[in-house]
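A.B. asks: Please find one structure pasted underneath; my questions will follow.
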Amino acid sequence: MLVLLPPSETKRAGGEGPPMSLDALSHHELDPVRKELLDELVELSGDVAASRTALGLSPRQDDEIARNAALWSSGTMPALQRYTGVLYDALDVSSLTGAAGARATARLAVGSALFGLLRAADPVPAYRLSAGSTLPGRPTLAARWRPVLEPVLAALATDELVVDLRSGSYAGLGRLPGAVTVTVLAERADGKRTVVSHHNKSHKGRLARLLAGTRAEPSDAAGVAAIARRAGMTVERPAPTELEIVLPL
């Protein structure tokens with residue numbers, strides 16, 4: 001089983017690993033686009049105003065531009081340690097130890113606007129690039145990633161079940177028909193349900209933690225739902241590969 005996570009805008013600073021090396025990453029089919037994007041971000045960082053526009057930053061976020069300037073020289077850390085925020089707090093991967101920690105390292109991956117696909121231990125620097133960013137004079141990130149990323153994802157899906165927890169913009173960088181998808185819904189007292197963003201990331205992080213550490217090896221959405229239900233989640237399966245986590249509002 002592979003659990004595909006979204007990245008986060010917020011990332012830990014620093015890193016004690018060696019500088020960025022594409023050789024240290026998994027899925028080398030993605031390296032040509034990775035190198036293009038890394039070089040383009042470093043070049044773009046020399047124009048602060050253009051960087052702010054392309055990356056959607058305010059003047060108070062100029063440290064993000066400085067991070068991009070140092071992409072090839074700054075220290076790295078494993079991808080799952082680099083990302084922070086609500087989903088990654090709920091995942092709390094560092095507390096999964098022993099056999100559960102080894103399963104998490106093998107099962108967890110991150111969809112990235114800069115790197116396409118990262119495995120848990122891939123060493124990366126801090127950076128700023130979102131799925132919706134468009135670099136000056138270049139095609140959209142989706143147009144650049146889909147031709148190379150979709151075959152990689154499809155190959156992975158032939159060997160194992162993929163649970164795709166990416167947000168819409170990141171799923172758009174590399175589509176994966178047939179993956180198990182998850183929606184978080186809030187149910188009011190009158191039975192009406194709405195998609196909620198407030199709890200979405202935390203519950204997806206909680207589900208990712210369950211799937212990362214479990215000894216079970218689910219082969220379909222029903223198996224994923226069973227793991228979540230055993231942990232007390234209310235989960236429904238409206239379609240063969242779709243799951244809904246239902247929360248009381």
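Order determines the names: the first chain of the structure tokens is A, the second B, and so forth; residues in each chain are numbered 1 upward, and ligands are numbered 1 upward as they are shown.
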Would you kindly return, as a PyMOL selection string, each protein, DNA or RNA residue with an atom no farther than 7 Å from any atom of region 116-133 of chain A, considering only C-alpha atoms and excluding same-chain residues fewer than 6 positions away?

C.D. replies: chain A and resi 11-13+20+24-26+30+54-55+64+67-68+71+74-80+105+108-110+141+145+149+169-170

A.B. asks: Could the residues of region 47-118 of chain A that have an atom at most 9 Å from region 173-191 of chain A be listed as CSV, each with its closest atom pair and the distance in Å to one decimal, counting only C-alpha atoms and ordered by chain and ascending residue number?

C.D. replies:
residue,atom,partner,partner_atom,distance
A:Gly111,CA,A:Leu173,CA,8.4
A:Ser112,CA,A:Leu173,CA,8.6
A:Ala113,CA,A:Leu173,CA,7.6
A:Gly116,CA,A:Leu173,CA,7.7

A.B. asks: Using only C-alpha atoms, can you tell me which of A:Val196, A:Leu153, A:Leu207, A:Ala100 comes closest to His27 (chain A)?

C.D. replies: A:Leu153

A.B. asks: Which residues are close to region 35-51 of chain A, i.e. within 9 Å by only C-alpha atoms, leaving aside same-chain residues fewer than 5 positions away? Reply as number ranges by chain.

C.D. replies: A: 22, 30, 56-57, 59, 62, 65-72, 114-115, 128-129, 135-136

A.B. asks: Using all heavy atoms, can you write the selected residues to a file as a compact mmCIF listing (two decimals), in the first residue's frame?

C.D. replies:
# COMPACT_ATOMS: atom_id res chain seq x y z
N LEU A 22 20.06 15.22 -6.88
CA LEU A 22 19.00 14.43 -7.50
C LEU A 22 19.28 12.94 -7.38
O LEU A 22 18.35 12.12 -7.35
CB LEU A 22 18.86 14.82 -8.97
CG LEU A 22 18.38 16.26 -9.24
CD1 LEU A 22 18.34 16.53 -10.73
CD2 LEU A 22 17.03 16.53 -8.61
N LEU A 30 11.80 11.35 -12.98
CA LEU A 30 11.33 12.72 -12.75
C LEU A 30 12.47 13.74 -12.70
O LEU A 30 12.21 14.94 -12.64
CB LEU A 30 10.54 12.78 -11.43
CG LEU A 30 9.41 11.76 -11.27
CD1 LEU A 30 8.78 11.90 -9.90
CD2 LEU A 30 8.37 11.91 -12.36
N GLY A 56 3.13 33.97 -5.21
CA GLY A 56 2.03 34.43 -4.37
C GLY A 56 2.47 34.82 -2.98
O GLY A 56 1.80 34.51 -1.99
N LEU A 57 3.59 35.53 -2.88
CA LEU A 57 4.16 35.90 -1.59
C LEU A 57 4.00 37.39 -1.31
O LEU A 57 3.92 38.20 -2.23
CB LEU A 57 5.66 35.55 -1.56
CG LEU A 57 6.01 34.08 -1.79
CD1 LEU A 57 7.52 33.91 -1.87
CD2 LEU A 57 5.44 33.20 -0.69
N PRO A 59 5.71 40.82 0.89
CA PRO A 59 7.07 41.23 1.29
C PRO A 59 7.52 40.60 2.61
O PRO A 59 8.72 40.40 2.82
CB PRO A 59 6.95 42.75 1.41
CG PRO A 59 5.88 43.11 0.43
CD PRO A 59 4.88 41.98 0.52
N ASP A 62 9.68 37.24 2.23
CA ASP A 62 10.87 37.22 1.39
C ASP A 62 11.88 36.16 1.83
O ASP A 62 12.77 35.79 1.04
CB ASP A 62 11.54 38.60 1.38
CG ASP A 62 10.81 39.59 0.48
OD1 ASP A 62 9.89 39.18 -0.25
OD2 ASP A 62 11.16 40.79 0.50
N ILE A 65 11.87 33.38 -0.54
CA ILE A 65 12.65 33.60 -1.76
C ILE A 65 14.12 33.28 -1.49
O ILE A 65 14.81 32.69 -2.33
CB ILE A 65 12.46 35.04 -2.26
CG1 ILE A 65 10.98 35.31 -2.55
CG2 ILE A 65 13.32 35.31 -3.50
CD1 ILE A 65 10.66 36.77 -2.85
N ALA A 66 14.59 33.66 -0.31
CA ALA A 66 15.97 33.36 0.06
C ALA A 66 16.19 31.85 0.13
O ALA A 66 17.26 31.34 -0.23
CB ALA A 66 16.31 34.01 1.40
N ARG A 67 15.18 31.12 0.59
CA ARG A 67 15.29 29.66 0.61
C ARG A 67 15.48 29.13 -0.82
O ARG A 67 16.31 28.24 -1.07
CB ARG A 67 14.04 29.04 1.22
CG ARG A 67 13.92 29.15 2.73
CD ARG A 67 12.65 28.47 3.20
NE ARG A 67 12.58 28.38 4.66
CZ ARG A 67 11.63 27.77 5.33
NH1 ARG A 67 10.63 27.19 4.66
NH2 ARG A 67 11.64 27.72 6.65
N ASN A 68 14.69 29.64 -1.74
CA ASN A 68 14.80 29.19 -3.12
C ASN A 68 16.16 29.52 -3.72
O ASN A 68 16.68 28.77 -4.54
CB ASN A 68 13.69 29.79 -3.98
CG ASN A 68 12.34 29.13 -3.76
OD1 ASN A 68 12.24 28.12 -3.07
ND2 ASN A 68 11.29 29.70 -4.32
N ALA A 69 16.74 30.64 -3.32
CA ALA A 69 18.06 31.01 -3.84
C ALA A 69 19.12 29.99 -3.45
O ALA A 69 20.13 29.82 -4.16
CB ALA A 69 18.45 32.39 -3.34
N ALA A 70 18.90 29.30 -2.33
CA ALA A 70 19.90 28.37 -1.80
C ALA A 70 19.52 26.91 -2.01
O ALA A 70 20.04 26.03 -1.32
CB ALA A 70 20.11 28.65 -0.31
N LEU A 71 18.66 26.62 -2.98
CA LEU A 71 18.16 25.26 -3.15
C LEU A 71 19.27 24.23 -3.37
O LEU A 71 19.19 23.10 -2.88
CB LEU A 71 17.18 25.20 -4.33
CG LEU A 71 15.77 25.74 -4.06
CD1 LEU A 71 14.97 25.80 -5.35
CD2 LEU A 71 15.06 24.87 -3.04
N TRP A 72 20.30 24.60 -4.09
CA TRP A 72 21.36 23.65 -4.40
C TRP A 72 22.43 23.58 -3.31
O TRP A 72 23.30 22.69 -3.36
CB TRP A 72 22.03 23.98 -5.74
CG TRP A 72 21.19 23.68 -6.94
CD1 TRP A 72 20.62 24.58 -7.79
CD2 TRP A 72 20.84 22.38 -7.45
NE1 TRP A 72 19.94 23.94 -8.80
CE2 TRP A 72 20.05 22.59 -8.61
CE3 TRP A 72 21.11 21.08 -7.03
CZ2 TRP A 72 19.54 21.53 -9.36
CZ3 TRP A 72 20.60 20.02 -7.78
CH2 TRP A 72 19.82 20.25 -8.93
N LEU A 114 7.54 20.82 -6.72
CA LEU A 114 8.94 20.94 -7.15
C LEU A 114 9.55 19.60 -7.52
O LEU A 114 10.33 19.51 -8.48
CB LEU A 114 9.76 21.59 -6.03
CG LEU A 114 11.26 21.78 -6.29
CD1 LEU A 114 11.51 22.55 -7.59
CD2 LEU A 114 11.92 22.50 -5.10
N PHE A 115 9.21 18.55 -6.80
CA PHE A 115 9.87 17.26 -7.01
C PHE A 115 8.97 16.19 -7.63
O PHE A 115 9.43 15.10 -7.90
CB PHE A 115 10.42 16.76 -5.68
CG PHE A 115 11.49 17.65 -5.10
CD1 PHE A 115 11.20 18.48 -4.03
CD2 PHE A 115 12.76 17.67 -5.64
CE1 PHE A 115 12.18 19.32 -3.49
CE2 PHE A 115 13.74 18.49 -5.12
CZ PHE A 115 13.46 19.32 -4.05
N ARG A 128 9.98 26.91 -1.70
CA ARG A 128 8.62 27.45 -1.86
C ARG A 128 8.22 27.32 -3.32
O ARG A 128 8.80 27.93 -4.21
CB ARG A 128 8.55 28.91 -1.42
CG ARG A 128 7.15 29.54 -1.54
CD ARG A 128 6.14 28.81 -0.64
NE ARG A 128 4.83 29.40 -0.70
CZ ARG A 128 4.24 30.03 0.33
NH1 ARG A 128 4.86 30.11 1.49
NH2 ARG A 128 3.05 30.55 0.20
N LEU A 129 7.25 26.47 -3.58
CA LEU A 129 6.62 26.34 -4.89
C LEU A 129 5.33 25.57 -4.67
O LEU A 129 5.36 24.46 -4.14
CB LEU A 129 7.52 25.59 -5.88
CG LEU A 129 6.96 25.50 -7.31
CD1 LEU A 129 6.93 26.87 -7.97
CD2 LEU A 129 7.76 24.51 -8.15
N LEU A 135 5.64 29.77 -13.24
CA LEU A 135 6.90 30.48 -13.37
C LEU A 135 6.89 31.30 -14.65
O LEU A 135 6.31 30.89 -15.66
CB LEU A 135 8.05 29.48 -13.38
CG LEU A 135 8.15 28.62 -12.11
CD1 LEU A 135 9.36 27.69 -12.18
CD2 LEU A 135 8.22 29.49 -10.86
N PRO A 136 7.48 32.50 -14.62
CA PRO A 136 7.39 33.43 -15.76
C PRO A 136 7.83 32.79 -17.08
O PRO A 136 8.90 32.20 -17.18
CB PRO A 136 8.34 34.56 -15.36
CG PRO A 136 8.39 34.50 -13.87
CD PRO A 136 8.28 33.05 -13.52

A.B. asks: Could you pull out the residues in region 34-162 of chain A that DSSP calls strand (DSSP E or B) from the backbone, as a PyMOL selection string?

C.D. replies: chain A and resi 76-78+83+108-112+116-119+123-124+162

A.B. asks: Got a sec to tell me which of region 56-155 of chain A DSSP assigns to alpha helix (DSSP H), as number ranges by chain?

C.D. replies: A: 62-69, 79-82, 86-91, 98-107, 141-155

A.B. asks: How far is it from CA of Pro19 (chain A) to CA of Ser73 (chain A), in Å with one decimal?

C.D. replies: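 If I compute the distance from CA of Pro19 (chain A) to CA of Ser73 (chain A), I get 5.0 Å.
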
A.B. asks: Would you mind telling me which residue in A:Asp89, A:Glu244, A:Asp31, A:Asp23 lies nearest to Val195 (chain A) when using only C-alpha atoms?

C.D. replies: A:Glu244

A.B. asks: Near Leu210 (chain A), within 10 Å and counting only C-alpha atoms, which residues show up once chain neighbours fewer than 2 positions away are dropped, as a list in words?

C.D. replies: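 Those residues are Leu91, Ala100, Ala104, Lys204, Gly205, Arg206, Leu207, Ala208, Ala212, Gly213, Thr214, Arg215, Val224, Ile227, Ala228, Arg230 and Ala231 of chain A.
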
A.B. asks: Please indicate the distance in Å from CA of Arg82 (chain A) to CA of Arg34 (chain A), rounded to one decimal place.

C.D. replies: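 Calculated distance between CA of Arg82 (chain A) and CA of Arg34 (chain A) is 17.5 Å.
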
A.B. asks: Pick the closest to Glu150 (chain A) from A:Gly172, A:Val163, A:Val246, A:Pro240: which is it, counting only C-alpha atoms?

C.D. replies: A:Gly172
